[in-house]
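Source file: run-v7.txt (compact mmCIF, C-alpha atoms and all ligand atoms)
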# COMPACT_ATOMS: atom_id res chain seq x y z
CA MET H 1 60.82 -26.33 -37.85
CA LEU H 2 58.89 -26.26 -34.60
CA SER H 3 58.73 -23.36 -32.14
CA ILE H 4 57.93 -23.99 -28.49
CA ILE H 5 56.75 -20.94 -26.56
CA VAL H 6 57.15 -20.95 -22.80
CA PRO H 7 55.98 -17.95 -20.75
CA ALA H 8 57.88 -17.82 -17.48
CA TYR H 9 57.24 -15.62 -14.49
CA ASN H 10 59.18 -16.44 -11.31
CA GLU H 11 59.74 -20.04 -12.34
CA GLN H 12 63.31 -20.66 -11.14
CA GLU H 13 62.31 -23.80 -9.23
CA VAL H 14 60.91 -25.59 -12.23
CA LEU H 15 62.85 -24.44 -15.27
CA ASP H 16 65.71 -26.94 -15.07
CA GLN H 17 63.31 -29.82 -14.76
CA PHE H 18 61.10 -28.40 -17.51
CA TYR H 19 64.07 -27.98 -19.84
CA ALA H 20 65.24 -31.52 -19.19
CA ARG H 21 61.85 -33.07 -19.84
CA VAL H 22 61.02 -31.02 -22.90
CA THR H 23 64.37 -31.59 -24.62
CA VAL H 24 64.13 -35.33 -24.15
CA VAL H 25 60.76 -35.33 -25.87
CA LEU H 26 61.75 -32.95 -28.64
CA GLN H 27 64.99 -34.64 -29.59
CA THR H 28 63.07 -37.69 -30.71
CA ALA H 29 59.79 -36.07 -31.81
CA ALA H 30 61.02 -33.00 -33.71
CA PRO H 31 64.78 -32.52 -33.72
CA ASP H 32 64.53 -29.22 -35.62
CA TYR H 33 63.10 -26.82 -33.05
CA GLU H 34 63.56 -23.56 -31.19
CA LEU H 35 62.66 -23.24 -27.54
CA ILE H 36 61.44 -19.70 -26.91
CA PHE H 37 61.30 -18.67 -23.25
CA VAL H 38 59.54 -15.39 -22.58
CA ASN H 39 60.72 -13.97 -19.28
CA ASP H 40 57.72 -11.98 -18.14
CA GLY H 41 59.48 -9.62 -15.75
CA SER H 42 60.44 -12.26 -13.18
CA ARG H 43 61.77 -11.03 -9.86
CA ASP H 44 63.73 -14.17 -9.03
CA GLY H 45 66.62 -15.92 -10.77
CA THR H 46 64.59 -16.94 -13.81
CA LEU H 47 66.45 -14.70 -16.26
CA GLN H 48 69.91 -15.80 -15.10
CA LEU H 49 68.81 -19.40 -15.37
CA LEU H 50 67.51 -18.87 -18.89
CA GLU H 51 70.71 -17.08 -19.91
CA ARG H 52 72.67 -20.08 -18.69
CA LEU H 53 70.46 -22.45 -20.67
CA SER H 54 70.88 -20.39 -23.82
CA GLU H 55 74.66 -20.45 -23.46
CA SER H 56 74.79 -24.22 -23.48
CA ASP H 57 71.99 -24.79 -26.01
CA PRO H 58 71.76 -22.72 -29.22
CA ARG H 59 68.16 -23.78 -29.72
CA VAL H 60 67.10 -21.80 -26.65
CA VAL H 61 65.83 -18.28 -27.39
CA VAL H 62 65.19 -15.91 -24.51
CA ILE H 63 62.89 -12.92 -24.83
CA ASP H 64 63.18 -10.70 -21.82
CA LEU H 65 60.20 -8.36 -21.49
CA SER H 66 60.70 -4.96 -19.91
CA ARG H 67 58.34 -5.79 -17.01
CA ASN H 68 55.59 -8.21 -16.05
CA PHE H 69 52.83 -7.98 -18.64
CA GLY H 70 50.85 -11.11 -17.77
CA LYS H 71 50.77 -14.50 -19.38
CA GLU H 72 48.51 -13.60 -22.30
CA ILE H 73 50.87 -10.89 -23.50
CA ALA H 74 53.96 -12.99 -22.80
CA VAL H 75 52.51 -15.66 -25.08
CA SER H 76 51.77 -13.04 -27.73
CA ALA H 77 55.38 -11.84 -27.55
CA GLY H 78 56.60 -15.41 -28.01
CA ILE H 79 54.32 -15.81 -31.01
CA ASP H 80 55.67 -12.61 -32.57
CA PHE H 81 59.25 -13.91 -32.34
CA SER H 82 58.51 -17.48 -33.43
CA ARG H 83 59.79 -18.71 -36.77
CA GLY H 84 58.60 -22.30 -36.84
CA ASP H 85 56.10 -23.89 -39.24
CA ALA H 86 54.15 -24.82 -36.16
CA VAL H 87 54.07 -23.29 -32.70
CA ILE H 88 53.41 -25.04 -29.42
CA ILE H 89 52.44 -23.02 -26.35
CA ILE H 90 53.20 -24.71 -23.05
CA ASP H 91 53.42 -23.64 -19.40
CA ALA H 92 56.76 -23.74 -17.65
CA ASP H 93 55.42 -25.34 -14.48
CA LEU H 94 55.05 -28.83 -15.99
CA GLN H 95 51.28 -28.79 -15.54
CA ASP H 96 51.13 -29.36 -19.27
CA PRO H 97 53.05 -32.60 -19.83
CA PRO H 98 55.68 -32.19 -22.60
CA GLU H 99 55.17 -35.89 -23.34
CA LEU H 100 51.97 -34.91 -25.16
CA ILE H 101 53.91 -33.00 -27.83
CA PRO H 102 54.32 -35.98 -30.22
CA GLU H 103 50.56 -36.45 -30.14
CA LEU H 104 50.00 -32.76 -30.99
CA LEU H 105 52.47 -33.08 -33.86
CA LYS H 106 50.69 -36.12 -35.17
CA GLN H 107 47.39 -34.26 -35.44
CA TRP H 108 49.15 -31.32 -37.08
CA ASN H 109 50.70 -33.65 -39.65
CA SER H 110 47.28 -35.01 -40.44
CA GLY H 111 46.19 -31.49 -41.38
CA PHE H 112 44.78 -29.70 -38.36
CA ASP H 113 45.68 -26.04 -37.77
CA ASN H 114 44.71 -25.78 -34.13
CA VAL H 115 45.44 -28.83 -32.01
CA TYR H 116 44.41 -28.09 -28.45
CA ALA H 117 44.98 -30.17 -25.38
CA ARG H 118 41.87 -30.82 -23.33
CA ARG H 119 42.30 -31.77 -19.70
CA ILE H 120 40.22 -34.70 -18.58
CA SER H 121 41.35 -34.29 -14.99
CA ARG H 122 43.01 -31.62 -12.94
CA ASP H 123 44.95 -32.99 -10.04
CA GLY H 124 46.03 -30.69 -7.27
CA GLU H 125 43.43 -27.98 -7.80
CA SER H 126 40.69 -27.04 -5.38
CA VAL H 127 37.05 -28.02 -5.86
CA ILE H 128 36.06 -24.35 -5.93
CA LYS H 129 38.53 -23.61 -8.73
CA LYS H 130 37.34 -26.59 -10.74
CA THR H 131 33.67 -25.70 -10.30
CA THR H 132 34.06 -22.02 -11.10
CA SER H 133 36.12 -22.81 -14.16
CA TYR H 134 33.53 -25.38 -15.29
CA LEU H 135 30.72 -22.86 -14.87
CA PHE H 136 32.65 -20.11 -16.61
CA TYR H 137 33.27 -22.16 -19.74
CA ARG H 138 29.67 -23.33 -19.94
CA PHE H 139 28.48 -19.75 -19.45
CA ILE H 140 30.74 -18.18 -22.05
CA ARG H 141 29.87 -20.84 -24.61
CA ARG H 142 26.23 -19.96 -24.24
CA MET H 143 26.75 -16.23 -24.43
CA THR H 144 29.04 -16.03 -27.43
CA ASN H 145 28.54 -17.46 -30.85
CA ILE H 146 32.12 -18.62 -31.22
CA ASP H 147 32.89 -22.07 -29.98
CA ILE H 148 35.40 -21.79 -27.14
CA PRO H 149 36.15 -25.40 -26.18
CA ALA H 150 35.65 -26.14 -22.50
CA ASP H 151 38.47 -27.42 -20.28
CA THR H 152 41.28 -26.22 -22.50
CA GLY H 153 44.05 -23.87 -21.60
CA ASP H 154 46.78 -22.33 -23.66
CA PHE H 155 48.55 -25.66 -24.14
CA ARG H 156 48.16 -26.24 -27.88
CA LEU H 157 49.78 -26.42 -31.28
CA LEU H 158 49.07 -23.80 -33.93
CA SER H 159 50.03 -24.03 -37.59
CA ARG H 160 51.90 -21.18 -39.22
CA ARG H 161 48.81 -19.74 -40.88
CA ALA H 162 46.88 -19.86 -37.61
CA VAL H 163 49.76 -18.03 -35.92
CA ASP H 164 49.88 -15.45 -38.69
CA SER H 165 46.15 -14.88 -38.31
CA LEU H 166 46.53 -14.50 -34.58
CA LYS H 167 49.24 -11.90 -35.10
CA GLN H 168 46.80 -9.76 -37.05
CA LEU H 169 44.47 -9.38 -34.08
CA PRO H 170 45.51 -6.06 -32.59
CA GLU H 171 43.51 -5.93 -29.36
CA ARG H 172 45.18 -5.08 -26.09
CA ASN H 173 42.65 -6.99 -24.01
CA ARG H 174 43.77 -10.43 -25.00
CA PHE H 175 41.54 -13.25 -23.97
CA MET H 176 43.65 -15.83 -25.76
CA LYS H 177 41.31 -18.77 -25.44
CA GLY H 178 38.67 -16.77 -27.23
CA LEU H 179 41.10 -15.54 -29.88
CA TYR H 180 42.32 -19.07 -30.68
CA ALA H 181 38.72 -20.04 -31.34
CA TRP H 182 37.81 -16.82 -33.13
CA ILE H 183 40.39 -17.24 -35.89
CA GLY H 184 38.67 -20.45 -36.96
CA TYR H 185 40.45 -23.13 -39.08
CA SER H 186 40.19 -26.81 -38.42
CA SER H 187 40.75 -27.79 -34.83
CA VAL H 188 40.95 -31.00 -32.89
CA ALA H 189 41.32 -31.93 -29.23
CA VAL H 190 43.91 -34.20 -27.67
CA GLU H 191 43.09 -35.32 -24.15
CA TYR H 192 45.46 -35.38 -21.21
CA ARG H 193 45.56 -35.44 -17.45
CA ARG H 194 46.63 -32.13 -15.95
CA ASP H 195 49.31 -32.62 -13.33
CA PRO H 196 49.74 -30.51 -10.24
CA ARG H 197 52.33 -27.78 -10.43
CA TYR H 198 55.83 -29.28 -10.20
CA ALA H 199 57.12 -26.56 -7.86
CA GLY H 200 56.60 -22.88 -7.18
CA GLU H 201 53.24 -21.19 -6.84
CA THR H 202 50.33 -20.40 -9.09
CA LYS H 203 50.09 -16.74 -10.05
CA TRP H 204 46.33 -16.82 -9.97
CA ASN H 205 44.00 -15.75 -7.23
CA TYR H 206 40.25 -15.35 -7.27
CA TRP H 207 40.31 -11.64 -7.96
CA LYS H 208 42.50 -12.23 -11.02
CA LEU H 209 40.28 -15.07 -12.15
CA TRP H 210 37.21 -12.88 -11.81
CA ASN H 211 38.82 -10.18 -13.93
CA PHE H 212 39.91 -12.79 -16.42
CA ALA H 213 36.30 -13.94 -16.68
CA LEU H 214 35.12 -10.36 -17.22
CA GLU H 215 37.79 -9.98 -19.88
CA GLY H 216 36.51 -13.04 -21.70
CA ILE H 217 32.90 -11.97 -21.55
CA THR H 218 33.43 -8.37 -22.57
CA SER H 219 35.79 -9.23 -25.43
CA PHE H 220 33.43 -11.65 -27.05
CA THR H 221 29.85 -10.68 -26.39
CA GLU H 222 27.65 -7.60 -26.12
CA VAL H 223 24.88 -9.56 -24.40
CA PRO H 224 25.34 -7.88 -20.99
CA LEU H 225 24.78 -4.48 -22.62
CA LYS H 226 21.54 -5.66 -24.15
CA VAL H 227 20.27 -7.22 -20.94
CA ALA H 228 19.77 -3.67 -19.60
CA SER H 229 17.11 -2.92 -22.22
CA TYR H 230 15.20 -6.11 -21.49
CA VAL H 231 15.36 -5.64 -17.74
CA GLY H 232 14.16 -2.07 -18.34
CA VAL H 233 11.19 -3.28 -20.38
CA ALA H 234 10.29 -5.87 -17.75
CA VAL H 235 10.51 -3.37 -14.88
CA ALA H 236 8.50 -0.76 -16.80
CA PHE H 237 5.82 -3.33 -17.58
CA ALA H 238 5.64 -4.44 -13.95
CA ALA H 239 5.43 -0.78 -12.85
CA PHE H 240 2.59 -0.17 -15.30
CA CYS H 241 0.61 -3.15 -14.00
CA TYR H 242 1.21 -2.07 -10.44
CA GLY H 243 0.04 1.47 -11.35
CA VAL H 244 -3.21 0.13 -12.79
CA TYR H 245 -3.72 -1.95 -9.66
CA ILE H 246 -3.21 1.09 -7.40
CA ILE H 247 -5.66 3.24 -9.42
CA ILE H 248 -8.36 0.59 -9.30
CA ASN H 249 -7.71 -0.06 -5.64
CA THR H 250 -7.98 3.66 -4.81
CA ILE H 251 -11.24 4.07 -6.79
CA LEU H 252 -12.86 1.03 -5.18
CA TYR H 253 -11.57 1.27 -1.62
CA GLY H 254 -10.32 4.82 -1.18
CA ASN H 255 -6.71 5.70 -0.34
CA PRO H 256 -5.64 5.21 3.26
CA VAL H 257 -2.07 6.57 2.47
CA ALA H 258 0.15 3.72 3.54
CA GLY H 259 3.04 2.51 1.42
CA TYR H 260 6.32 3.68 2.93
CA PRO H 261 7.76 0.12 2.84
CA SER H 262 6.79 -0.53 -0.77
CA LEU H 263 8.11 2.90 -1.77
CA ILE H 264 11.51 2.45 -0.19
CA VAL H 265 11.88 -1.08 -1.55
CA THR H 266 11.04 0.12 -5.05
CA ILE H 267 13.49 3.02 -4.90
CA LEU H 268 16.32 0.88 -3.59
CA PHE H 269 15.63 -1.92 -6.04
CA LEU H 270 15.62 0.38 -9.05
CA GLY H 271 18.67 2.23 -7.76
CA GLY H 272 20.49 -1.10 -7.49
CA VAL H 273 19.48 -2.22 -10.96
CA GLN H 274 20.58 1.07 -12.44
CA LEU H 275 23.96 0.99 -10.72
CA ILE H 276 24.55 -2.58 -11.90
CA PHE H 277 23.96 -1.61 -15.49
CA ILE H 278 26.07 1.51 -15.19
CA GLY H 279 28.78 -0.88 -13.98
CA VAL H 280 28.28 -3.10 -17.01
CA LEU H 281 28.52 -0.06 -19.28
CA GLY H 282 31.67 0.93 -17.41
CA GLU H 283 33.31 -2.44 -18.09
CA TYR H 284 32.83 -2.00 -21.80
CA LEU H 285 33.74 1.67 -21.77
CA ALA H 286 36.96 1.01 -19.86
CA ARG H 287 37.99 -1.56 -22.44
CA ALA H 288 37.10 0.73 -25.33
CA PHE H 289 39.22 3.38 -23.61
CA SER H 290 42.24 1.12 -23.19
CA GLU H 291 41.96 -0.05 -26.80
CA SER H 292 41.70 3.52 -28.04
CA LYS H 293 45.05 4.44 -26.51
CA ARG H 294 46.66 2.07 -29.01
CA ARG H 295 49.67 1.39 -26.83
CA PRO H 296 52.09 -1.31 -27.94
CA LEU H 297 51.38 -4.68 -26.35
CA TYR H 298 54.78 -5.03 -24.71
CA PHE H 299 58.37 -3.84 -24.72
CA VAL H 300 61.36 -6.10 -25.00
CA ASN H 301 64.38 -5.57 -22.81
CA LYS H 302 66.62 -7.96 -24.74
CA VAL H 303 66.51 -10.97 -27.02
CA ILE H 304 69.08 -13.72 -26.67
CA ARG H 305 69.31 -15.84 -29.80
CA LYS H 306 72.46 -17.59 -30.83
N1 LIG H 401 52.97 -16.58 -16.32
C1 LIG H 401 53.50 -15.48 -16.97
N2 LIG H 401 53.19 -14.22 -16.53
C2 LIG H 401 52.35 -14.02 -15.46
C3 LIG H 401 51.79 -15.14 -14.83
C4 LIG H 401 52.12 -16.41 -15.28
O1 LIG H 401 54.25 -15.62 -17.94
O2 LIG H 401 52.12 -12.86 -15.11
C5 LIG H 401 53.31 -17.94 -16.78
C6 LIG H 401 53.85 -18.86 -15.71
O3 LIG H 401 55.24 -18.72 -15.57
C7 LIG H 401 53.48 -20.24 -16.23
C8 LIG H 401 52.17 -19.98 -16.95
O4 LIG H 401 52.14 -18.57 -17.23
O5 LIG H 401 54.43 -20.74 -17.15
C9 LIG H 401 50.97 -20.40 -16.13
O6 LIG H 401 50.98 -19.75 -14.89
P1 LIG H 401 50.39 -20.43 -13.56
O7 LIG H 401 50.96 -21.80 -13.41
O8 LIG H 401 50.60 -19.46 -12.46
O9 LIG H 401 48.85 -20.49 -13.91
P2 LIG H 401 47.87 -21.76 -13.68
O10 LIG H 401 48.57 -22.97 -14.22
O11 LIG H 401 47.66 -21.83 -12.21
O12 LIG H 401 46.65 -21.41 -14.46
MG MG H 402 50.26 -23.64 -13.65

Let me see the file written as structure tokens.
Ligand code: UDP
Ligand code: MG
Amino acid sequence: MLSIIVPAYNEQEVLDQFYARVTVVLQTAAPDYELIFVNDGSRDGTLQLLERLSESDPRVVVIDLSRNFGKEIAVSAGIDFSRGDAVIIIDADLQDPPELIPELLKQWNSGFDNVYARRISRDGESVIKKTTSYLFYRFIRRMTNIDIPADTGDFRLLSRRAVDSLKQLPERNRFMKGLYAWIGYSSVAVEYRRDPRYAGETKWNYWKLWNFALEGITSFTEVPLKVASYVGVAVAFAAFCYGVYIIINTILYGNPVAGYPSLIVTILFLGGVQLIFIGVLGEYLARAFSESKRRPLYFVNKVIRK
């Protein structure tokens, strides 16, 4: 059996079309399936629409979360409720073409545990978004020792044992792309062209993307914490050299007591560096704090499964 997991947050404009396209593909590719929609606290008619779908189609499962928890947690909820031998995670907005599913299944049948879809083009997205995302993936690959593939999203197929491994990761700060890579197992890419959103609006803005990037970095690498020590060593060394220079200068030429500009620049520079690293510490501390509360990942309002 195959489980399809679809996180949906305010997607009433696209769900009918999504359902139509995905069922056409599945009926030929994998007739034994369950279609799990996770309603992530939508404020529009998404839930009513999903309820209607589940009435006419017993293969539709609806998991209604108690509020909006964000896509990463919605996907985790879907994974927890999935029963299939393989799980496919796909966006509701038709940016991930359901027509790629047979290809994902083919790779799974040939033995891969983690079949991820890699976008070779992203239509309908701004140059800034494409560039920042490109830079982010290059950066995080350099900083961490796990291999997070570039240009991949959540659209992928996971085998049952990969899903079971994923379920054992308890963290609340869920940078899914990192987690998929962290569990290991054999993985393979399938390439596709990413379409523009079919309808509705993206839930991302730059502030969210920035926080998402911080999430990824802090969950997978301690490098920023260590940078502080090296910057400290470099600054101390430079200060020492400058001290020696001032002593020699004073002995040879006397001390005409100037130096307000250099003093203020030094104070401000060091103050800035210190604040930056306190900020870095804060990022890690805040995450340690939220992990230590050990709150459940999500609450479910109701599950509709016929
Ligand atoms: N989504 C969600 N909860 C959220 C935000 C988004 O479940 O808080 C879902 C959304 O319904 C869609 C998928 O995650 O199915 C991707 O969202 P979106 O298209 O906004 O992101 P983008 O494709 O722009 O990265
Ligand atoms: Mg989208």

Sort by chain and increasing residue number a table of all residues of chain H within 10 Å of ligand LIG 401 (chain H), each with its closest pair of atoms and their distance in Å to one decimal, counting only C-alpha atoms and all ligand atoms, and write it as a Markdown table.
| residue | atom | partner | partner_atom | distance |
| --- | --- | --- | --- | --- |
| H:Ile5 | CA | H:LIG401 | O5 | 9.7 |
| H:Val6 | CA | H:LIG401 | O5 | 6.3 |
| H:Pro7 | CA | H:LIG401 | O1 | 4.0 |
| H:Ala8 | CA | H:LIG401 | O3 | 3.4 |
| H:Tyr9 | CA | H:LIG401 | O3 | 3.8 |
| H:Asn10 | CA | H:LIG401 | O3 | 6.2 |
| H:Glu11 | CA | H:LIG401 | O3 | 5.7 |
| H:Gln12 | CA | H:LIG401 | O3 | 9.4 |
| H:Val14 | CA | H:LIG401 | O5 | 9.5 |
| H:Leu15 | CA | H:LIG401 | O5 | 9.4 |
| H:Phe37 | CA | H:LIG401 | O1 | 9.3 |
| H:Val38 | CA | H:LIG401 | O1 | 7.0 |
| H:Asn39 | CA | H:LIG401 | O1 | 6.8 |
| H:Asp40 | CA | H:LIG401 | O1 | 5.0 |
| H:Gly41 | CA | H:LIG401 | N2 | 7.8 |
| H:Ser42 | CA | H:LIG401 | N2 | 8.2 |
| H:Thr46 | CA | H:LIG401 | O3 | 9.7 |
| H:Arg67 | CA | H:LIG401 | O2 | 9.6 |
| H:Asn68 | CA | H:LIG401 | O2 | 5.9 |
| H:Phe69 | CA | H:LIG401 | O2 | 6.1 |
| H:Gly70 | CA | H:LIG401 | O2 | 3.4 |
| H:Lys71 | CA | H:LIG401 | N2 | 3.7 |
| H:Glu72 | CA | H:LIG401 | N2 | 7.5 |
| H:Ile73 | CA | H:LIG401 | O1 | 8.0 |
| H:Ala74 | CA | H:LIG401 | O1 | 5.5 |
| H:Val75 | CA | H:LIG401 | O1 | 7.3 |
| H:Ile89 | CA | H:LIG401 | O5 | 9.7 |
| H:Ile90 | CA | H:LIG401 | O5 | 7.2 |
| H:Asp91 | CA | H:LIG401 | O5 | 3.8 |
| H:Ala92 | CA | H:LIG401 | O5 | 3.8 |
| H:Asp93 | CA | H:LIG401 | O5 | 5.4 |
| H:Leu94 | CA | H:LIG401 | O5 | 8.2 |
| H:Gln95 | CA | H:LIG401 | O10 | 6.6 |
| H:Asp96 | CA | H:LIG401 | O10 | 8.5 |
| H:Glu125 | CA | H:LIG401 | O11 | 8.7 |
| H:Lys129 | CA | H:LIG401 | O11 | 9.9 |
| H:Gly153 | CA | H:LIG401 | O12 | 8.0 |
| H:Asp154 | CA | H:LIG401 | C9 | 8.8 |
| H:Phe155 | CA | H:LIG401 | C8 | 9.9 |
| H:Arg194 | CA | H:LIG401 | O10 | 9.5 |
| H:Asp195 | CA | H:LIG401 | O10 | 9.7 |
| H:Pro196 | CA | H:LIG401 | O10 | 8.6 |
| H:Arg197 | CA | H:LIG401 | O7 | 6.8 |
| H:Tyr198 | CA | H:LIG401 | O7 | 9.5 |
| H:Ala199 | CA | H:LIG401 | O7 | 9.6 |
| H:Gly200 | CA | H:LIG401 | O7 | 8.5 |
| H:Glu201 | CA | H:LIG401 | O8 | 6.4 |
| H:Thr202 | CA | H:LIG401 | O8 | 3.5 |
| H:Lys203 | CA | H:LIG401 | O8 | 3.7 |
| H:Trp204 | CA | H:LIG401 | O8 | 5.6 |
| H:Asn205 | CA | H:LIG401 | O11 | 8.7 |
| H:Leu209 | CA | H:LIG401 | O12 | 9.3 |

Task: Ref. answer, residues at most 10 Å from (56.9, -10.2, -29.1) with all atoms listed in the file, as a VMD selection string - done: chain H and resid 38 63 to 65 73 to 82 167 297 to 300 303

Task: Contacts of region 50-57 of chain H within 8 Å, all atoms listed in the file, excl. fewer than 5 positions in-chain, as an MDAnalysis selection string - done: chainID H and resid 37 62 304:306

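All residues that come within 12 Å of the coordinates (62.3, -33.0, -31.9), counting all atoms listed in the file, are given as Met1, Leu2, Ser3, Ile4, Val22, Thr23, Val24, Val25, Leu26, Gln27, Thr28, Ala29, Ala30, Pro31, Asp32, Tyr33, Glu34, Leu35, Arg59, Pro98, Glu99, Ile101, Pro102 and Leu105 of chain H.
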
Can you list, as a PDB file with C-alpha atoms, in the frame of the given file, every protein, DNA or RNA residue that comes within 10 Å of Phe220 (chain H) when you count all atoms listed in the file, leaving out same-chain residues fewer than 4 positions away?
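Writing the result to selection.pdb gives the following:
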ATOM      1  CA  ILE H 140      30.740 -18.180 -22.050  1.00  0.00           C
ATOM      2  CA  MET H 143      26.750 -16.230 -24.430  1.00  0.00           C
ATOM      3  CA  THR H 144      29.040 -16.030 -27.430  1.00  0.00           C
ATOM      4  CA  ASN H 145      28.540 -17.460 -30.850  1.00  0.00           C
ATOM      5  CA  ILE H 146      32.120 -18.620 -31.220  1.00  0.00           C
ATOM      6  CA  PHE H 175      41.540 -13.250 -23.970  1.00  0.00           C
ATOM      7  CA  GLY H 178      38.670 -16.770 -27.230  1.00  0.00           C
ATOM      8  CA  LEU H 179      41.100 -15.540 -29.880  1.00  0.00           C
ATOM      9  CA  TRP H 182      37.810 -16.820 -33.130  1.00  0.00           C
ATOM     10  CA  GLU H 215      37.790  -9.980 -19.880  1.00  0.00           C
ATOM     11  CA  GLY H 216      36.510 -13.040 -21.700  1.00  0.00           C
TER      12      GLY H 216
END

Open item on the list: Report, in Å to a single decimal, how far apart CA of Ala162 (chain H) and CA of Gly184 (chain H) are.
Closed with: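 Atom-to-atom, CA of Gly184 (chain H) and CA of Ala162 (chain H) are spaced 8.3 Å apart.
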
Open item on the list: Between H:Thr221, H:Leu263, H:Arg118, H:Trp207, which residue has the minimum interatomic distance to Arg142 (chain H), considering all atoms listed in the file?
Closed with: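 The closest residue to Arg142 (chain H) is H:Thr221.
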
Task: Atomic separation - CA of Leu270 (chain H) relative to CA of Gly232 (chain H), Å - done: 9.7 Å

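From CA of Leu157 (chain H) back to CA of Gln107 (chain H), the distance works out to 9.2 Å.
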
TODO: Pick out the closest residue to ligand MG 402 (chain H) from this set: H:Thr132, H:Gly45, H:Pro97, H:Val115. Count only C-alpha atoms and all ligand atoms.
DONE: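 With only C-alpha atoms and all ligand atoms as the atom set, the closest residue is H:Pro97.
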
Open item on the list: Give me, as a PyMOL selection string, all polymer residues having an atom no more than 12 Å from Leu281 (chain H), counting all atoms listed in the file and skipping those fewer than 5 positions away in the same chain.
Closed with: chain H and resi 218+222-228+274-276+286-288

- [ ] Please provide the set of residues having any atom within 12 Å of Ala150 (chain H), restricted to only C-alpha atoms, with same-chain residues fewer than 5 positions apart removed, written as a VMD selection string.
- [x] chain H and resid 116 to 120 130 133 to 142 177 to 178 181 189 191

TODO: For each of H:Met176, H:Ile36, H:Ile246, H:Leu268, take the minimum atom-to-atom distance to Phe212 (chain H), counting all atoms listed in the file, then give the residue where this is smallest.
DONE: H:Met176

Open item on the list: Quick one: residues within 12 Å of Thr266 (chain H), only C-alpha atoms, excluding same-chain residues fewer than 4 positions away - as a list in words?
Closed with: Val235, Ala238, Ala239, Tyr242, Gly259, Tyr260, Pro261, Ser262, Leu270, Gly271, Gly272 and Val273 of chain H
